[in-house]
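Colleague: Okay, here's the structure, questions in a sec.
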Amino acid sequence: MSTDATRSSAAALAAALAAGETTSVALTQAALDRTAAVDGSVRAYLHVDAEGALAQAAASDDRRAAGQPASPLDGVPVAVKDVLATQGLPTTCGSRILEGWRPPYDATVVTRLRAAGLPILGKTNMDEFAMGSSTEHSAYGPTHNPWDLDRIPGGSGGGSAAAVASFQAPLALGTDTGGSIRQPGAVTGTVGMKPTYGAVSRYGLVALANSLDQVGPVTRTVEDAAMLHEVVGGHDPRDSTSVVQPLTGLLDAARQGAQGDLTGVRVGVIRELGGEGYQAGVLARFTETVDLLVGAGAEVVEVSCPSFEHALAAYYLILPAEASSNLAKFDAMRYGLRVLPEGVDSPSAEQVMRASRDAGFGDEVKRRIMIGTYALSSGYYDAYYGQAQKVRTLISRDFAAAFEQVDVLVSPTAPTTAFKLGEKLDDPIAMYLNDLATIPANLAGLPGISVPSGLADEDGLPAGFQVLAPALADDRCYRVGAAAEALLTQQWGGPLLDRAPALTTPGGSL
Amino acid sequence: MSDTLVAWDDVLAAYDPALGLEVHVELNTASKMFCGCATEFGAEPNTQVCPTCLGLPGAMPVVNATAVESAIRIGLALNCDIAEWCRFARKNYFYPDMPKNFQTSQYDEPICFDGYLDVAVPTEDGGTETVRVEIERAHMEEDTGKSLHVGGATGRIHGADHSLVDYNRAGIPLIEIVTRPVMGTRSRAPHVAKAYVAALREILLGLGVSDVRMEQGSLRCDVNLSLAPKDEGGLGTRTETKNVNSLRSVERAVRYEMQRHAAVLGAGGSILQETRHWHEDTGVTTSGREKSDAEDYRYFPEPDLVPVAPSREWVEELRATLPEPPAVRRARLREVWGFSELEMRDTENAGALGVVEETVAAGASPQAARKWWLGELARAANDSGKDIAALGVAPADVARVQALVDEGTLNDKLARQVIDGLVAGEGTPDEVVAARGLAVVSDEGALSAAVDAAIEANPDVADKIRAGKHAAAGALIGAVMKEMRGQADAARVRELVLEKLA
């Protein structure tokens with residue numbers, strides 16, 4: 001390995017391991033060293049499992065030495081969002097109410113990571129129960145954007161994106177309910193893929209909104225995302241909503257796309273996801289990227305999805321409704337935080353539940369529990385939850401109509417680049433608007449990828465390019481995403497992340 | 001504080017009752033509704049649990065296909081329509097024994113709906129009358145855990161020092177069967193309620209889908225009752241009485257609530273819509289939690305499960321597996337066996353319908369089969385506190401005993417001893433006969449000698465018989481039987497006595 005191992009892609013690390021040029025222990029130690037150096041300022045991790053990761057790395061090296069690697073990525077370390085259950089490792093979901101909880105079981109995706117031999121570096125920070133677009137709602141403090149530590153890394157999966165963007169991990173897992181993989185990817189200059197709903201098991205993902213949640217890869221390259229997706233994806237009998245069809249050919253699609261030829265691929269630009277409310281620099285990078293696709297042979301047309309204007313409203317009824325019910329289980333009876341009410345001699349179970357939930361949940365969580373409880377209430381159900389489900393159907397129809405004309409749809413991933421920490425914390429609606437372009441795919445269950453599109457002129461911060469495909473056509477996201485990545489990287493003369501400022505650490509800059 | 005009750009006749013003079021019965025049936029599937037945990041009754045607390053049934057963060061449910069099959073079979077047996085497509089729904093409320101603080105149930109899309117059950121209700125003149133109870137729905141759901149309140153006087157939550165929760169029961173498959181309001185039953189309301197639950201229990205037993213043990217809670221009945229002014233129609237405010245754990249209690253609870261409602265209404269009061277608890281020991285109900293229609297469970301479709309869409313082919317396959325409905329079977333057997341209504345009812349009440357049927361199938365006459373099962377065997381079951389079917393005596397063996405009687409190997413007294421041997425587990429009838437040496441003596445020489453000896457020992461009796469008083473033969477027969485220690489065919493002895501004294 002000629003370059004710094006922490007900056008290599010997972011594919012390159014896998015090749016180096018296969019060639020015997022490095023060891024998993026060396027890679028894992030390098031990642032841990034990087035974390036020790038920079039995470040004091042980035043704060044991507046809630047929990048680092050150095051001991052466990054190194055033990056898994058050593059076991060991986062043993063397999064390699066015996067000529068029996070468990071998978072191509074055997075030995076390449078990975079970070080896991082703290083919303084995924086990891087046996088014996090803290091799993092807090094960024095909430096006080098789960099402080100100290102160590103699950104007795106692994107999420108299916110974690111089981112698959114372990115089976116494929118990827119050492120797990122630790123658990124990454126997130127907005128509490130994945131509610132947010134900035135990671136500022138974490139009960140354990142915000143994660144900072146490696147491009148500018150005063151700015152947000154996106155959310156809810158800001159920790160996974162920042163870990164990858166600051167070279168603390170080559171790979172990470174995120175979850176995307178309304179954009180929590182893709183929007184952090186966009187604002188940190190990394191790649192984030194939300195697979196088709198059901199393409200990756202949700203078993204062990206602490207649900208935010210079950211009908212919207214999906215696990216997916218967070219990486220620095222499209223190829224790496226496809227590799228990780230193939231490790232964790234596929235049917236899981238423990239998740240009734242997981243799709244039965246095997247998802248193969250993702251890596252092949254990424255490699256095909258990286259050739260830079262999109263001849264015959266029909267690309268639709270979504271009229272409603274652009275224009276007003278979108279930052280000029282974000283739109284400029286988007287337009288340039290579309291032009292590059294045209295140059296690569298793609299046929300580009302504009303398509304309209306008129307129902308998208310209701311997507312945000314529908315989303316903020318369906319999500320809180322499901323979340324309000326999901327979060328009821330946090331009642332201090334069996335696990336997690338237990339708070340006894342003050343001034344009560346012999347408190348009842350109900351009083352303990354109330355005191356624990358009051359102390360354990362943050363404001364955004366309480367806000368959404370209240371909205372969701374209201375939306376499901378008798379007499380309001382039809383007007384709110386029922387209507388929102390109808391909007392969902394309309395959005396699916398818009399997508400279906402659009403995909404009759406084109407193979408993929410594209411838009412900016414997020415309307416703006418990373419904003420300052422604290423800037424939108426007191427304005428929930430402004431915060432929610434960050435997910436305007438990502439939410440429709442969740443409502444319709446479609447796959448979507450965000451790849452870096454460049455730096456906005458006005459602030460020099462990364463913007464994202466989103467590629468959406470029909471359900472089960474995840475390979476199209478990889479093909480077109482990889483093509484955009486290849487064409488842009490060629491134009492930039494190297495990966496966008498090379499332009500990120502060095503992080504200052506107690507020992508100097510790195 | 002005890003409730004004021006109105007005399008039964010006065011209740012009926014002023015009010016018409018409306019009944020509604022909600023029965024929860026625990027299915028006897030090997031695993032739980034949404035996970036692979038075992039369902040064995042009486043296991044150590046919290047040993048049959050996993051992330052899913054404990055509601056651990058991230059765990060997900062998977063539907064137990066056998067439970068769906070049982071639900072459909074129950075629906076078909078209750079003459080229900082089976083939904084072509086239905087979903088589970090979350091019923092949201094907080095309670096410590098409910099791991100997720102929502103129960104995965106079904107709401108407006110039950111798997112079974114619009115059925116009925118015809119039940120035979122005894123009439124005052126000793127006959128029966130058929131009452132049709134309409135089934136609104138039967139739906140699938142999961143059971144909750146069990147709270148154990150420790151300390152305090154009552155074992156109830158009030159006054160307890162602390163509470164323990166056992167989650168072994170959490171997630172056990174339940175079918176909730178809900179009737180439409182049953183109107184017009186008047187004085188028979190308590191009987192109709194009891195007969196409905198009894199008939200339902202019998203159907204479930206026949207389907208083999210549940211243990212239906214009310215005392216263990218595998219069949220639980222909630223009794224809804226309301227009164228309306230007589231002959232005015234309409235429905236009054238109802239109470240829902242829980243903890244009704246025996247058939248007898250169903251009847252008593254209905255009667256009690258009717259008398260209590262009438263007292264409240266008669267005094268110008270109004271009935272509070274609430275849950276009440278039945279107390280088997282004292283025979284009263286007490287107020288539980290208040291329950292209004294405004295209680296909001298915020299139902300919505302369970303997003304972690306896909307819809308259940310049983311194909312019509314499957315439903316028809318399951319229909320073909322249904323056992324004969326108990327009422328149809330009863331009528332058929334009565335006809336074939338030639339039993340009187342009373343004989344039939346006694347046989348049913350003894351729980352012996354099945355064993356009698358099997359005994360007849362093994363070759364015994366219906367009357368003989370009934371005689372053994374309702375006589376010796378019923379007594380033995382009663383003595384050992386077992387169900388007659390659980391006595392461990394094979395119907396084929398009973399038929400064999402009768403065959404031995406018919407062929408003259410056993411007389412009635414000996415046969416009873418063989419039955420004792422069967423109950424005691426001494427082997428097959430032939431083995432018992434051999435081991436106990438019970439066969440009648442068919443050695444004519446020995447028998448003839450015994451008769452001669454009896455005649456010689458009782459000259460007066462012999463003379464009377466010679467004089468034509470054949471009724472006196474009994475004394476000689478008795479003497480011979482005694483001599484032979486009962487192991488003689490009394491009819492043959494009689495023949496010999498009369499021959500020798502002709």
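All residue names refer to the structure tokens as shown: chains lettered A, B, ... in order, residues numbered from 1 in each chain, ligands numbered from 1 in order.
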For a quick test of understanding: name the residues of chain A lying within 8 Å of chain B when counting only C-alpha atoms, and present them as a PyMOL selection string.

Modeller: chain A and resi 84-85+104-105+107+202-207+210-211+237-241+325-326+328-329+333+349+373+376-378

Colleague: Could you name the residues that touch range 141-147 of chain B at 7 Å or less, counting only C-alpha atoms, but leaving out those on the same chain fewer than 3 positions away, as an MDAnalysis selection string?

Modeller: chainID B and resid 33 97:98 103:106 163:175

Colleague: Got time to write the residues from that selection, C-alpha atoms, as a compact mmCIF listing (two decimals), in the first residue's frame?

Modeller:
```txt
# COMPACT_ATOMS: atom_id res chain seq x y z
CA MET B 33 -47.76 -15.91 17.49
CA ASP B 97 -47.15 -6.78 31.27
CA MET B 98 -47.37 -5.71 27.63
CA GLN B 103 -50.77 -5.37 21.38
CA THR B 104 -50.47 -6.74 17.90
CA SER B 105 -54.07 -7.57 17.10
CA GLN B 106 -56.54 -7.07 14.30
CA SER B 163 -45.31 -6.63 41.25
CA LEU B 164 -43.52 -9.23 39.17
CA VAL B 165 -44.10 -9.86 35.50
CA ASP B 166 -43.81 -13.19 33.72
CA TYR B 167 -43.49 -12.77 29.97
CA ASN B 168 -43.79 -16.47 29.12
CA ARG B 169 -47.39 -15.86 28.12
CA ALA B 170 -46.56 -12.72 26.13
CA GLY B 171 -47.01 -13.50 22.48
CA ILE B 172 -49.00 -16.72 22.83
CA PRO B 173 -51.48 -16.80 19.94
CA LEU B 174 -55.00 -15.85 20.84
CA ILE B 175 -58.18 -15.92 18.84
```

Colleague: List every residue of range 17-205 of chain A that DSSP, applied to the backbone of this structure, assigns to helix (DSSP H, G or I), and report them as a PyMOL selection string.

Modeller: chain A and resi 17-18+24-42+50-65+96-98+108-116+128-130+158-165+182-188

Colleague: Would you please work out which residue, of B:Val497, B:Ala193, B:Val308, B:Ala89, is nearest to Asn64 in chain B when using only C-alpha atoms?

Modeller: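 Counting only C-alpha atoms, the residue closest to Asn64 in chain B is B:Val308.
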
Colleague: Could you name the residues that touch Val352 in chain A at 9 Å or less, counting only C-alpha atoms, but leaving out those on the same chain fewer than 5 positions away, as a ChimeraX atom specification?

Modeller: /A:331-333,338-341,347,357

Colleague: Which residues come within 12 Å of Tyr316 in chain A, counting only C-alpha atoms, excluding same-chain residues fewer than 2 positions away, as a PyMOL selection string?

Modeller: chain A and resi 131-132+177-178+209+212+310-314+318-324+367-372+375+384-385+387-389+391-392+428-429+432-433+435-436+439-440+443

Colleague: Contacts of Glu357 in chain B at 12 Å or less, counting only C-alpha atoms, minus same-chain residues fewer than 5 places along, as a list in words?

Modeller: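 Counting only C-alpha atoms, the residues come to Arg329, Arg330, Arg332, Leu333, Arg334, Val336, Trp337, Met344, Thr347, Glu348, Gly351, Ala352, Ala362, Gly363, Ala364, Ser365, Pro366, Gln367, Ala368, Ala369, Arg370, Trp373, Ala389, Ala394, Pro395, Ala396, Val398 and Ala399 of chain B.
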
Colleague: With only C-alpha atoms as the counted atoms, please give the residues lying no more than 9 Å from Met214 in chain B, apart from itself and same-chain residues fewer than 5 positions off, as a ChimeraX atom specification.

Modeller: /B:219-221,244-247

Colleague: Env of range 466-482 of chain A: 7 Å cut, atoms = only C-alpha atoms, seq-sep filter 5 positions within chain, self excluded. Answer as a PyMOL selection string.

Modeller: chain A and resi 195-196+222+226+249-250+253-254+256-258+403+407-413+445-451

Colleague: Store the residues of this selection in a file with C-alpha atoms, as a PDB file, in the first residue's frame.

Modeller:
```
ATOM      1  CA  PRO A 195     -31.695   0.552  -0.900  1.00  0.00           C
ATOM      2  CA  THR A 196     -35.184  -0.467  -2.031  1.00  0.00           C
ATOM      3  CA  VAL A 222     -19.913   4.131  -5.176  1.00  0.00           C
ATOM      4  CA  ALA A 226     -22.165  -1.643  -3.752  1.00  0.00           C
ATOM      5  CA  GLY A 249     -25.216  -7.428  -9.757  1.00  0.00           C
ATOM      6  CA  LEU A 250     -24.848  -4.247  -7.714  1.00  0.00           C
ATOM      7  CA  ALA A 253     -23.423  -2.195 -12.123  1.00  0.00           C
ATOM      8  CA  ALA A 254     -21.106   0.147 -10.206  1.00  0.00           C
ATOM      9  CA  GLN A 256     -19.980  -0.753 -15.439  1.00  0.00           C
ATOM     10  CA  GLY A 257     -21.028   2.788 -14.549  1.00  0.00           C
ATOM     11  CA  ALA A 258     -17.462   3.736 -13.648  1.00  0.00           C
ATOM     12  CA  PHE A 403     -40.418   5.608 -14.675  1.00  0.00           C
ATOM     13  CA  ASP A 407     -34.746   4.708 -16.240  1.00  0.00           C
ATOM     14  CA  VAL A 408     -33.612   6.893 -13.359  1.00  0.00           C
ATOM     15  CA  LEU A 409     -34.640  10.192 -11.806  1.00  0.00           C
ATOM     16  CA  VAL A 410     -32.174  12.759 -10.546  1.00  0.00           C
ATOM     17  CA  SER A 411     -32.226  15.778  -8.249  1.00  0.00           C
ATOM     18  CA  PRO A 412     -30.020  17.584  -5.785  1.00  0.00           C
ATOM     19  CA  THR A 413     -29.860  15.413  -2.636  1.00  0.00           C
ATOM     20  CA  GLY A 445     -40.022   2.524  -1.032  1.00  0.00           C
ATOM     21  CA  LEU A 446     -37.599   3.252  -3.862  1.00  0.00           C
ATOM     22  CA  PRO A 447     -33.803   3.111  -3.895  1.00  0.00           C
ATOM     23  CA  GLY A 448     -31.758   6.294  -4.017  1.00  0.00           C
ATOM     24  CA  ILE A 449     -28.090   7.142  -3.915  1.00  0.00           C
ATOM     25  CA  SER A 450     -26.306  10.395  -3.176  1.00  0.00           C
ATOM     26  CA  VAL A 451     -22.895  11.039  -4.694  1.00  0.00           C
TER      27      VAL A 451
END
```

Colleague: From the options A:Val406, A:Ser346, A:Gly454, A:Gly460, which residue's atoms come nearest to Ala160 in chain B, counting only C-alpha atoms?

Modeller: A:Ser346
